[in-house]
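Content type mmCIF, C-alpha atoms, from the file work25.cif:
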```
data_query
loop_
_atom_site.label_atom_id
_atom_site.label_comp_id
_atom_site.auth_asym_id
_atom_site.auth_seq_id
_atom_site.Cartn_x
_atom_site.Cartn_y
_atom_site.Cartn_z
CA ASP A 23 -18.15 15.04 9.51
CA GLN A 24 -18.27 12.14 7.06
CA GLN A 25 -21.91 11.78 6.01
CA VAL A 26 -21.17 8.96 3.58
CA LYS A 27 -19.01 6.11 4.79
CA GLN A 28 -17.35 3.23 3.03
CA ASN A 29 -15.74 1.25 5.79
CA SER A 30 -13.86 -1.22 3.62
CA PRO A 31 -10.88 0.45 1.98
CA SER A 32 -10.23 -2.59 -0.20
CA LEU A 33 -11.86 -5.75 -1.52
CA SER A 34 -10.36 -8.63 -3.49
CA VAL A 35 -12.47 -11.17 -5.38
CA GLN A 36 -11.91 -13.89 -7.92
CA GLU A 37 -12.96 -13.39 -11.53
CA GLY A 38 -16.48 -14.68 -12.09
CA ARG A 39 -17.52 -14.28 -8.47
CA ILE A 40 -19.75 -11.62 -6.95
CA SER A 41 -18.29 -8.34 -5.65
CA ILE A 42 -20.28 -6.60 -2.93
CA LEU A 43 -19.33 -3.06 -2.02
CA ASN A 44 -21.00 -1.43 0.95
CA CYS A 45 -21.86 2.12 1.87
CA ASP A 46 -23.53 3.70 4.91
CA TYR A 47 -24.85 7.20 5.33
CA THR A 48 -25.93 9.33 8.24
CA ASN A 49 -27.97 12.12 6.67
CA SER A 50 -31.64 11.07 6.45
CA MET A 51 -32.24 13.92 3.98
CA PHE A 52 -30.26 12.14 1.26
CA ASP A 53 -32.69 11.10 -1.46
CA TYR A 54 -30.43 10.10 -4.32
CA PHE A 55 -27.50 7.74 -4.28
CA LEU A 56 -24.86 7.08 -6.89
CA TRP A 57 -21.88 4.84 -7.46
CA TYR A 58 -18.82 6.08 -9.31
CA LYS A 59 -15.84 4.14 -10.53
CA LYS A 60 -12.37 5.67 -10.73
CA TYR A 61 -9.31 4.45 -12.55
CA PRO A 62 -5.88 5.94 -11.76
CA ALA A 63 -5.20 9.30 -13.44
CA GLU A 64 -8.85 9.65 -14.47
CA GLY A 65 -11.84 11.44 -12.99
CA PRO A 66 -14.67 9.38 -11.47
CA THR A 67 -17.15 7.97 -13.99
CA PHE A 68 -20.80 7.39 -13.19
CA LEU A 69 -21.82 3.76 -12.83
CA ILE A 70 -25.34 3.42 -11.45
CA SER A 71 -27.76 5.33 -9.25
CA ILE A 72 -30.87 4.81 -7.17
CA SER A 73 -33.58 7.11 -5.92
CA SER A 74 -34.77 6.82 -2.33
CA ILE A 75 -38.21 5.75 -3.55
CA LYS A 76 -36.72 2.49 -4.81
CA ASP A 77 -34.90 -0.32 -3.07
CA LYS A 78 -33.19 -1.86 -6.08
CA ASN A 79 -31.85 -0.76 -9.43
CA GLU A 80 -30.20 -3.07 -11.92
CA ASP A 81 -28.08 -2.33 -14.98
CA GLY A 82 -26.44 -5.33 -16.58
CA ARG A 83 -23.89 -6.82 -14.20
CA PHE A 84 -24.41 -4.02 -11.68
CA THR A 85 -27.16 -3.87 -9.08
CA VAL A 86 -27.55 -1.34 -6.33
CA PHE A 87 -29.64 -2.12 -3.25
CA LEU A 88 -30.92 0.52 -0.87
CA ASN A 89 -32.07 -0.11 2.71
CA LYS A 90 -33.41 3.22 3.91
CA SER A 91 -34.22 2.08 7.43
CA ALA A 92 -30.62 0.95 7.90
CA LYS A 93 -29.22 3.91 5.91
CA HIS A 94 -27.24 1.41 3.91
CA LEU A 95 -26.65 0.72 0.27
CA SER A 96 -24.62 -1.83 -1.57
CA LEU A 97 -23.32 -2.39 -5.07
CA HIS A 98 -23.27 -5.92 -6.43
CA ILE A 99 -21.18 -6.78 -9.44
CA VAL A 100 -21.76 -10.22 -10.90
CA PRO A 101 -19.90 -11.77 -12.51
CA SER A 102 -16.82 -9.74 -11.59
CA GLN A 103 -14.26 -9.15 -14.33
CA PRO A 104 -10.60 -8.05 -14.10
CA GLY A 105 -11.56 -4.81 -15.90
CA ASP A 106 -13.77 -3.97 -12.92
CA SER A 107 -10.64 -3.41 -10.81
CA ALA A 108 -10.84 0.24 -9.75
CA VAL A 109 -11.77 2.45 -6.81
CA TYR A 110 -15.52 2.62 -6.26
CA PHE A 111 -17.04 5.68 -4.63
CA CYS A 112 -20.48 5.83 -3.11
CA ALA A 113 -22.11 9.28 -3.29
CA ALA A 114 -25.34 10.80 -2.00
CA SER A 115 -27.25 14.02 -2.49
CA ALA A 116 -30.14 15.71 -0.68
CA GLY A 117 -32.19 17.06 -3.56
CA LYS A 118 -29.72 19.75 -4.48
CA ASN A 119 -26.48 19.71 -6.45
CA ASP A 120 -24.46 18.84 -3.35
CA MET A 121 -23.20 15.33 -3.94
CA ARG A 122 -21.13 13.94 -1.05
CA PHE A 123 -18.68 11.10 -1.50
CA GLY A 124 -17.53 8.21 0.62
CA ALA A 125 -13.83 7.43 1.00
CA GLY A 126 -13.90 4.77 -1.69
CA THR A 127 -13.24 1.02 -1.84
CA ARG A 128 -10.46 -0.35 -4.00
CA LEU A 129 -11.75 -3.45 -5.79
CA THR A 130 -9.27 -5.94 -7.20
CA VAL A 131 -10.63 -8.73 -9.37
CA LYS A 132 -8.09 -11.51 -9.78
CA PRO A 133 -8.05 -13.61 -12.97
CA ASP B 8 -19.67 14.97 -26.59
CA THR B 9 -19.78 13.72 -22.99
CA GLU B 10 -16.47 15.16 -21.91
CA VAL B 11 -15.48 17.56 -19.22
CA THR B 12 -12.09 18.99 -20.09
CA GLN B 13 -9.77 20.34 -17.45
CA THR B 14 -6.56 22.27 -18.02
CA PRO B 15 -3.82 22.08 -17.07
CA LYS B 16 -3.42 18.42 -16.09
CA HIS B 17 -0.55 19.24 -13.76
CA LEU B 18 0.41 22.50 -12.07
CA VAL B 19 3.25 23.39 -9.74
CA MET B 20 3.04 26.83 -8.16
CA GLY B 21 4.77 28.79 -5.45
CA MET B 22 2.95 30.22 -2.48
CA THR B 23 3.09 33.74 -3.90
CA ASN B 24 1.90 32.81 -7.39
CA LYS B 25 -1.47 33.44 -8.99
CA LYS B 26 -2.77 30.74 -11.29
CA SER B 27 -6.09 29.54 -12.68
CA LEU B 28 -7.60 26.13 -13.29
CA LYS B 29 -9.99 25.84 -16.21
CA CYS B 30 -12.90 23.52 -16.92
CA GLU B 31 -15.07 23.25 -20.01
CA GLN B 32 -18.11 21.18 -21.00
CA HIS B 33 -20.39 21.28 -24.02
CA MET B 34 -23.17 18.99 -22.83
CA GLY B 35 -25.56 21.84 -22.04
CA HIS B 36 -25.23 21.16 -18.33
CA ARG B 37 -26.23 24.09 -16.15
CA ALA B 38 -24.71 22.83 -12.89
CA MET B 39 -20.93 22.83 -12.53
CA TYR B 40 -18.79 21.84 -9.56
CA TRP B 41 -15.32 22.03 -8.10
CA TYR B 42 -14.13 19.18 -5.89
CA LYS B 43 -10.83 18.76 -4.09
CA GLN B 44 -9.39 15.31 -3.52
CA LYS B 45 -6.42 14.52 -1.30
CA ALA B 46 -4.66 11.16 -1.51
CA LYS B 47 -6.76 8.26 -0.22
CA LYS B 48 -9.61 10.61 0.67
CA PRO B 49 -13.00 11.15 -0.99
CA PRO B 50 -13.61 14.09 -3.30
CA GLU B 51 -14.71 17.03 -1.15
CA LEU B 52 -17.21 19.49 -2.54
CA MET B 53 -15.87 23.06 -2.78
CA PHE B 54 -18.24 25.06 -4.99
CA VAL B 55 -21.40 24.56 -7.02
CA TYR B 56 -22.58 26.85 -9.79
CA SER B 57 -26.18 26.64 -10.95
CA TYR B 58 -27.14 28.62 -14.06
CA GLU B 59 -23.83 30.49 -13.80
CA LYS B 60 -24.57 31.62 -10.26
CA LEU B 61 -22.69 30.42 -7.20
CA SER B 62 -25.16 28.29 -5.26
CA ILE B 63 -22.93 26.42 -2.81
CA ASN B 64 -19.65 27.50 -1.20
CA GLU B 65 -18.48 24.93 1.33
CA SER B 66 -16.64 27.47 3.50
CA VAL B 67 -13.69 27.41 1.17
CA PRO B 68 -10.84 29.86 2.03
CA SER B 69 -10.81 33.03 -0.05
CA ARG B 70 -7.48 32.09 -1.61
CA PHE B 71 -9.68 29.94 -3.87
CA SER B 72 -11.91 32.08 -6.08
CA PRO B 73 -14.35 30.43 -8.50
CA GLU B 74 -15.71 32.04 -11.62
CA CYS B 75 -18.31 30.92 -14.14
CA PRO B 76 -18.00 33.22 -17.18
CA ASN B 77 -20.64 31.32 -19.17
CA SER B 78 -22.61 28.09 -19.12
CA SER B 79 -19.75 26.06 -20.61
CA LEU B 80 -16.80 27.35 -18.60
CA LEU B 81 -15.77 27.18 -14.99
CA ASN B 82 -12.55 28.63 -13.59
CA LEU B 83 -10.86 28.35 -10.23
CA HIS B 84 -8.48 31.21 -9.48
CA LEU B 85 -5.71 30.44 -7.03
CA HIS B 86 -3.71 32.96 -5.02
CA ALA B 87 -1.40 32.69 -2.03
CA LEU B 88 -1.96 28.96 -1.62
CA GLN B 89 -0.39 26.84 1.07
CA PRO B 90 1.46 23.53 0.64
CA GLU B 91 -1.51 21.73 2.25
CA ASP B 92 -3.65 22.88 -0.70
CA SER B 93 -1.75 20.42 -2.88
CA ALA B 94 -4.36 17.97 -4.17
CA LEU B 95 -6.26 16.76 -7.22
CA TYR B 96 -8.86 19.34 -8.22
CA LEU B 97 -11.82 17.84 -10.04
CA CYS B 98 -14.40 19.68 -12.09
CA ALA B 99 -17.79 18.14 -12.80
CA SER B 100 -21.03 19.07 -14.50
CA SER B 101 -24.59 17.76 -14.45
CA GLN B 102 -28.09 18.46 -15.65
CA GLN B 103 -29.93 20.99 -13.53
CA GLY B 104 -33.30 20.23 -12.01
CA ARG B 105 -33.46 16.61 -13.15
CA ALA B 106 -34.11 13.58 -10.97
CA ASN B 107 -30.95 12.00 -12.29
CA THR B 108 -28.15 14.07 -10.86
CA GLU B 109 -25.43 12.04 -12.50
CA ALA B 110 -22.34 14.19 -12.79
CA PHE B 111 -19.63 13.92 -15.40
CA PHE B 112 -16.11 14.50 -14.12
CA GLY B 113 -13.00 15.79 -15.78
CA GLN B 114 -9.64 14.07 -15.34
CA GLY B 115 -8.61 16.62 -12.77
CA THR B 116 -5.70 19.00 -12.28
CA ARG B 117 -2.92 17.69 -10.05
CA LEU B 118 -1.81 20.78 -8.11
CA THR B 119 1.42 20.97 -6.14
CA VAL B 120 2.13 24.05 -4.03
CA VAL B 121 5.78 24.53 -3.16
#
```
As a first step, turn the structure in this file into structure tokens.
Amino acid sequence: DQQVKQNSPSLSVQEGRISILNCDYTNSMFDYFLWYKKYPAEGPTFLISISSIKDKNEDGRFTVFLNKSAKHLSLHIVPSQPGDSAVYFCAASAGKNDMRFGAGTRLTVKP
Amino acid sequence: DTEVTQTPKHLVMGMTNKKSLKCEQHMGHRAMYWYKQKAKKPPELMFVYSYEKLSINESVPSRFSPECPNSSLLNLHLHALQPEDSALYLCASSQQGRANTEAFFGQGTRLTVV
């Protein structure tokens, strides 16, 4: 049972444009959401997170938006850079150390 | 030091072998995790240790046996595995009891069972 879903397996954007990666979840007990970035042959690295008490968190070029009523979150990257090309995982936890991951979206930023 | 170190990076083992995966962190994190990731799938949680005690076991078969000898080390003992257990095994650690549950991941051990 996939509690965290990333329905777009891939996304391609032009350098300088906005990348929007989407994530949906089914478990209403999730109260913390994270985005991880993964390069080939490396483990996932933390990118940005958001608590369920917020609806937006920004860190430089990265912004995460949370819509609790829709059980949806998104990651915006602007402007996108070729170095952002990687697989992006959405993850969620329900107050314990039990982080669940989505299937990932492969982002390709073209120069 | 913000690294989680996993050894070995690659492992090939037969179905009758016994082997161990090792994970080490020196960030003072008291929560440590094992995840399993198959190709084109998300990392799947296997075990969570909190203060060196097993707190979550996601119904993992007994041929996988975790061990946390101290707060810096996490092992995964493997015995009588099946070819379908071939995957990338990821170790992670995080602060315990903090609002920010950001986890740091190791590079993983690529396991092939033949």
Give me the chain B side of the contact with chain A, cut-off 9 Å, one line per residue showing its nearest atom pair and distance in Å at one decimal, counting all atoms listed in the file, sorted by chain and residue number, as a tab-separated table.
```
residue	atom	partner	partner_atom	distance
B:Ala38	CA	A:Asn119	CA	7.4
B:Met39	CA	A:Asn119	CA	8.8
B:Tyr40	CA	A:Asn119	CA	8.6
B:Lys47	CA	A:Ala125	CA	7.2
B:Lys48	CA	A:Ala125	CA	5.3
B:Pro49	CA	A:Ala125	CA	4.3
B:Pro50	CA	A:Phe123	CA	6.2
B:Glu51	CA	A:Arg122	CA	7.1
B:Leu52	CA	A:Arg122	CA	7.0
B:Phe54	CA	A:Asp120	CA	8.9
B:Val55	CA	A:Asn119	CA	7.0
B:Tyr56	CA	A:Asn119	CA	8.8
B:Ser57	CA	A:Asn119	CA	8.3
B:Ser62	CA	A:Asn119	CA	8.8
B:Ile63	CA	A:Asp120	CA	7.8
B:Leu97	CA	A:Gly65	CA	7.0
B:Cys98	CA	A:Gly65	CA	8.7
B:Ala99	CA	A:Gly65	CA	9.0
B:Ser101	CA	A:Asn119	CA	8.4
B:Gln103	CA	A:Asn119	CA	8.0
B:Gly104	CA	A:Lys118	CA	8.4
B:Ala106	CA	A:Ser73	CA	8.2
B:Asn107	CA	A:Ser71	CA	8.0
B:Thr108	CA	A:Asn119	CA	7.4
B:Glu109	CA	A:Phe68	CA	6.6
B:Ala110	CA	A:Phe68	CA	7.0
B:Phe111	CA	A:Thr67	CA	6.6
B:Phe112	CA	A:Gly65	CA	5.4
B:Gly113	CA	A:Gly65	CA	5.3
B:Gln114	CA	A:Gly65	CA	4.2
B:Gly115	CA	A:Gly65	CA	6.1
```
| task | Grab the CA of Ser41 in chain A to CA of Tyr96 in chain B distance for me, in Å with one decimal place. | result | 29.4 Å
| task | Check which residues satisfy the PyMOL selection byres ((chain A and resi 130) around 7) in the file shown, then give them as an MDAnalysis selection string. | result | chainID A and resid 33:35 107:108 128:129 131:132
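Counting only C-alpha atoms and comparing A:Met51, A:Ala116, A:Ile99, A:Cys45, the residue that lies closest to Asn29 in chain A is A:Cys45.
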| message | So the first atom is CA of His17 in chain B and the second is CA of Trp41 in chain B; what is the distance between them in Å, to one decimal place? | response | 16.1 Å
| task | Excluding Val86 in chain A and residues on its chain fewer than 3 positions from it, collect all residues at most 7 Å away from it, counting all atoms listed in the file, and give them as a PyMOL selection string. | result | chain A and resi 78-80+95-98
Could those residues be written to a file, using C-alpha atoms, as a PDB file, in the frame of the given file?
```pdb
ATOM      1  CA  LYS A  78     -33.190  -1.860  -6.080  1.00  0.00           C
ATOM      2  CA  ASN A  79     -31.850  -0.760  -9.430  1.00  0.00           C
ATOM      3  CA  GLU A  80     -30.200  -3.070 -11.920  1.00  0.00           C
ATOM      4  CA  LEU A  95     -26.650   0.720   0.270  1.00  0.00           C
ATOM      5  CA  SER A  96     -24.620  -1.830  -1.570  1.00  0.00           C
ATOM      6  CA  LEU A  97     -23.320  -2.390  -5.070  1.00  0.00           C
ATOM      7  CA  HIS A  98     -23.270  -5.920  -6.430  1.00  0.00           C
TER       8      HIS A  98
END
```
| d(CA of Phe84 in chain A, CA of Asn49 in chain A) in Å |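 We find that CA of Phe84 in chain A and CA of Asn49 in chain A lie 24.7 Å from each other.
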| field | Residues selected by the PyMOL selection byres ((chain B and resi 36) around 9), written as a PyMOL selection string | value | chain B and resi 32-35+37-39+58+78-79+100-103
| Explicit residue set for the PyMOL selection byres ((chain B and resi 19-22) around 7), as JSON, numbers by chain | {"B": [17, 18, 23, 24, 87, 88, 89, 118, 119, 120, 121]}
Could the residues in this selection be saved with C-alpha atoms as a JSON list (two decimals), in the frame of the given file?
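Output (again.json):
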```json
[["chain", "number", "residue", "atom", "x", "y", "z"],
["B", 17, "HIS", "CA", -0.55, 19.24, -13.76],
["B", 18, "LEU", "CA", 0.41, 22.50, -12.07],
["B", 23, "THR", "CA", 3.09, 33.74, -3.90],
["B", 24, "ASN", "CA", 1.90, 32.81, -7.39],
["B", 87, "ALA", "CA", -1.40, 32.69, -2.03],
["B", 88, "LEU", "CA", -1.96, 28.96, -1.62],
["B", 89, "GLN", "CA", -0.39, 26.84, 1.07],
["B", 118, "LEU", "CA", -1.81, 20.78, -8.11],
["B", 119, "THR", "CA", 1.42, 20.97, -6.14],
["B", 120, "VAL", "CA", 2.13, 24.05, -4.03],
["B", 121, "VAL", "CA", 5.78, 24.53, -3.16]]
```
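Once Met53 in chain B and its same-chain neighbours fewer than 4 positions away are set aside, Trp41, Tyr42, Lys43, Asn64, Glu65 and Val67 of chain B remain within 7 Å of it when counting all atoms listed in the file.
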| said: Let me make sure I understand: among B:Lys16, B:Lys25, B:Arg117, B:Lys45, which one has the smallest atom-to-atom distance to Arg70 in chain B if we use only C-alpha atoms? | reply: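 Among B:Lys16, B:Lys25, B:Arg117, B:Lys45, it is B:Lys25 that comes nearest to Arg70 in chain B.
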| Minimum-distance residue to Leu61 in chain B, chosen among B:Glu10, B:Asp92, B:Glu31, B:Glu74 (using all atoms listed in the file) |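 Smallest separation from Leu61 in chain B among the options: B:Glu74.
Closest approach to Ser91 in chain A among A:Gln25, A:Ser74, A:Tyr110, A:Pro104: A:Ser74, based on all atoms listed in the file.
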| request: Quick one: everything within 10 Å of Lys90 in chain A, counting all atoms listed in the file, minus sequence neighbours fewer than 2 positions away in the same chain. Send it as number ranges by chain. | output: A: 46-47, 50, 52-53, 74-77, 87-88, 92-95
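Using only C-alpha atoms for every distance, the candidate list A:Gly82, A:Glu37, A:Asn89, A:Leu43 yields A:Glu37 as the residue closest to Gly105 in chain A.
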Incomplete range 110-132 of chain A brought to N, CA, C and O atoms, written out as a PDB file, in the coordinates of the input:
```pdb
ATOM      1  N   TYR A 110     -14.088   2.356  -6.157  1.00  0.00           N
ATOM      2  CA  TYR A 110     -15.520   2.620  -6.260  1.00  0.00           C
ATOM      3  C   TYR A 110     -15.934   3.585  -5.152  1.00  0.00           C
ATOM      4  O   TYR A 110     -15.699   3.336  -3.969  1.00  0.00           O
ATOM      5  N   PHE A 111     -16.559   4.688  -5.583  1.00  0.00           N
ATOM      6  CA  PHE A 111     -17.040   5.680  -4.630  1.00  0.00           C
ATOM      7  C   PHE A 111     -18.558   5.631  -4.574  1.00  0.00           C
ATOM      8  O   PHE A 111     -19.243   5.608  -5.602  1.00  0.00           O
ATOM      9  N   CYS A 112     -19.059   5.654  -3.365  1.00  0.00           N
ATOM     10  CA  CYS A 112     -20.480   5.830  -3.110  1.00  0.00           C
ATOM     11  C   CYS A 112     -20.708   7.334  -2.920  1.00  0.00           C
ATOM     12  O   CYS A 112     -19.863   8.028  -2.339  1.00  0.00           O
ATOM     13  N   ALA A 113     -21.810   7.863  -3.446  1.00  0.00           N
ATOM     14  CA  ALA A 113     -22.110   9.280  -3.290  1.00  0.00           C
ATOM     15  C   ALA A 113     -23.594   9.448  -3.002  1.00  0.00           C
ATOM     16  O   ALA A 113     -24.412   8.595  -3.374  1.00  0.00           O
ATOM     17  N   ALA A 114     -23.939  10.552  -2.353  1.00  0.00           N
ATOM     18  CA  ALA A 114     -25.340  10.800  -2.000  1.00  0.00           C
ATOM     19  C   ALA A 114     -25.616  12.284  -2.105  1.00  0.00           C
ATOM     20  O   ALA A 114     -24.731  13.116  -1.890  1.00  0.00           O
ATOM     21  N   SER A 115     -26.859  12.615  -2.432  1.00  0.00           N
ATOM     22  CA  SER A 115     -27.250  14.020  -2.490  1.00  0.00           C
ATOM     23  C   SER A 115     -28.625  14.177  -1.843  1.00  0.00           C
ATOM     24  O   SER A 115     -29.404  13.230  -1.731  1.00  0.00           O
ATOM     25  N   ALA A 116     -28.897  15.428  -1.418  1.00  0.00           N
ATOM     26  CA  ALA A 116     -30.140  15.710  -0.680  1.00  0.00           C
ATOM     27  C   ALA A 116     -31.031  16.635  -1.481  1.00  0.00           C
ATOM     28  O   ALA A 116     -31.503  17.636  -0.971  1.00  0.00           O
ATOM     29  N   GLY A 117     -31.256  16.292  -2.747  1.00  0.00           N
ATOM     30  CA  GLY A 117     -32.190  17.060  -3.560  1.00  0.00           C
ATOM     31  C   GLY A 117     -31.592  18.274  -4.228  1.00  0.00           C
ATOM     32  O   GLY A 117     -32.207  18.890  -5.061  1.00  0.00           O
ATOM     33  N   LYS A 118     -30.377  18.620  -3.848  1.00  0.00           N
ATOM     34  CA  LYS A 118     -29.720  19.750  -4.480  1.00  0.00           C
ATOM     35  C   LYS A 118     -28.474  19.219  -5.194  1.00  0.00           C
ATOM     36  O   LYS A 118     -28.187  18.046  -5.188  1.00  0.00           O
ATOM     37  N   ASN A 119     -27.728  20.130  -5.789  1.00  0.00           N
ATOM     38  CA  ASN A 119     -26.480  19.710  -6.450  1.00  0.00           C
ATOM     39  C   ASN A 119     -25.344  19.678  -5.438  1.00  0.00           C
ATOM     40  O   ASN A 119     -24.381  20.403  -5.553  1.00  0.00           O
ATOM     41  N   ASP A 120     -25.466  18.830  -4.413  1.00  0.00           N
ATOM     42  CA  ASP A 120     -24.460  18.840  -3.350  1.00  0.00           C
ATOM     43  C   ASP A 120     -24.003  17.427  -3.040  1.00  0.00           C
ATOM     44  O   ASP A 120     -23.992  16.990  -1.908  1.00  0.00           O
ATOM     45  N   MET A 121     -23.598  16.720  -4.059  1.00  0.00           N
ATOM     46  CA  MET A 121     -23.200  15.330  -3.940  1.00  0.00           C
ATOM     47  C   MET A 121     -22.023  15.160  -2.989  1.00  0.00           C
ATOM     48  O   MET A 121     -21.003  15.834  -3.115  1.00  0.00           O
ATOM     49  N   ARG A 122     -22.177  14.232  -2.035  1.00  0.00           N
ATOM     50  CA  ARG A 122     -21.130  13.940  -1.050  1.00  0.00           C
ATOM     51  C   ARG A 122     -20.622  12.526  -1.305  1.00  0.00           C
ATOM     52  O   ARG A 122     -21.398  11.616  -1.551  1.00  0.00           O
ATOM     53  N   PHE A 123     -19.310  12.371  -1.185  1.00  0.00           N
ATOM     54  CA  PHE A 123     -18.680  11.100  -1.500  1.00  0.00           C
ATOM     55  C   PHE A 123     -18.210  10.362  -0.262  1.00  0.00           C
ATOM     56  O   PHE A 123     -17.798  10.986   0.729  1.00  0.00           O
ATOM     57  N   GLY A 124     -18.215   9.039  -0.349  1.00  0.00           N
ATOM     58  CA  GLY A 124     -17.530   8.210   0.620  1.00  0.00           C
ATOM     59  C   GLY A 124     -16.050   8.138   0.288  1.00  0.00           C
ATOM     60  O   GLY A 124     -15.597   8.684  -0.720  1.00  0.00           O
ATOM     61  N   ALA A 125     -15.295   7.472   1.150  1.00  0.00           N
ATOM     62  CA  ALA A 125     -13.830   7.430   1.000  1.00  0.00           C
ATOM     63  C   ALA A 125     -13.368   6.500  -0.100  1.00  0.00           C
ATOM     64  O   ALA A 125     -12.206   6.533  -0.491  1.00  0.00           O
ATOM     65  N   GLY A 126     -14.265   5.652  -0.590  1.00  0.00           N
ATOM     66  CA  GLY A 126     -13.900   4.770  -1.690  1.00  0.00           C
ATOM     67  C   GLY A 126     -13.480   3.389  -1.213  1.00  0.00           C
ATOM     68  O   GLY A 126     -12.971   3.215  -0.104  1.00  0.00           O
ATOM     69  N   THR A 127     -13.711   2.400  -2.057  1.00  0.00           N
ATOM     70  CA  THR A 127     -13.240   1.020  -1.840  1.00  0.00           C
ATOM     71  C   THR A 127     -12.484   0.600  -3.079  1.00  0.00           C
ATOM     72  O   THR A 127     -13.006   0.688  -4.187  1.00  0.00           O
ATOM     73  N   ARG A 128     -11.263   0.125  -2.866  1.00  0.00           N
ATOM     74  CA  ARG A 128     -10.460  -0.350  -4.000  1.00  0.00           C
ATOM     75  C   ARG A 128     -10.796  -1.810  -4.256  1.00  0.00           C
ATOM     76  O   ARG A 128     -10.538  -2.667  -3.402  1.00  0.00           O
ATOM     77  N   LEU A 129     -11.396  -2.078  -5.407  1.00  0.00           N
ATOM     78  CA  LEU A 129     -11.750  -3.450  -5.790  1.00  0.00           C
ATOM     79  C   LEU A 129     -10.670  -4.020  -6.695  1.00  0.00           C
ATOM     80  O   LEU A 129     -10.273  -3.379  -7.675  1.00  0.00           O
ATOM     81  N   THR A 130     -10.206  -5.202  -6.350  1.00  0.00           N
ATOM     82  CA  THR A 130      -9.270  -5.940  -7.200  1.00  0.00           C
ATOM     83  C   THR A 130      -9.919  -7.252  -7.580  1.00  0.00           C
ATOM     84  O   THR A 130     -10.316  -8.033  -6.703  1.00  0.00           O
ATOM     85  N   VAL A 131     -10.066  -7.467  -8.879  1.00  0.00           N
ATOM     86  CA  VAL A 131     -10.630  -8.730  -9.370  1.00  0.00           C
ATOM     87  C   VAL A 131      -9.489  -9.539  -9.964  1.00  0.00           C
ATOM     88  O   VAL A 131      -8.845  -9.128 -10.930  1.00  0.00           O
ATOM     89  N   LYS A 132      -9.234 -10.692  -9.370  1.00  0.00           N
ATOM     90  CA  LYS A 132      -8.090 -11.510  -9.780  1.00  0.00           C
ATOM     91  C   LYS A 132      -8.525 -12.515 -10.846  1.00  0.00           C
ATOM     92  O   LYS A 132      -9.568 -13.158 -10.695  1.00  0.00           O
TER      93      LYS A 132
END
```
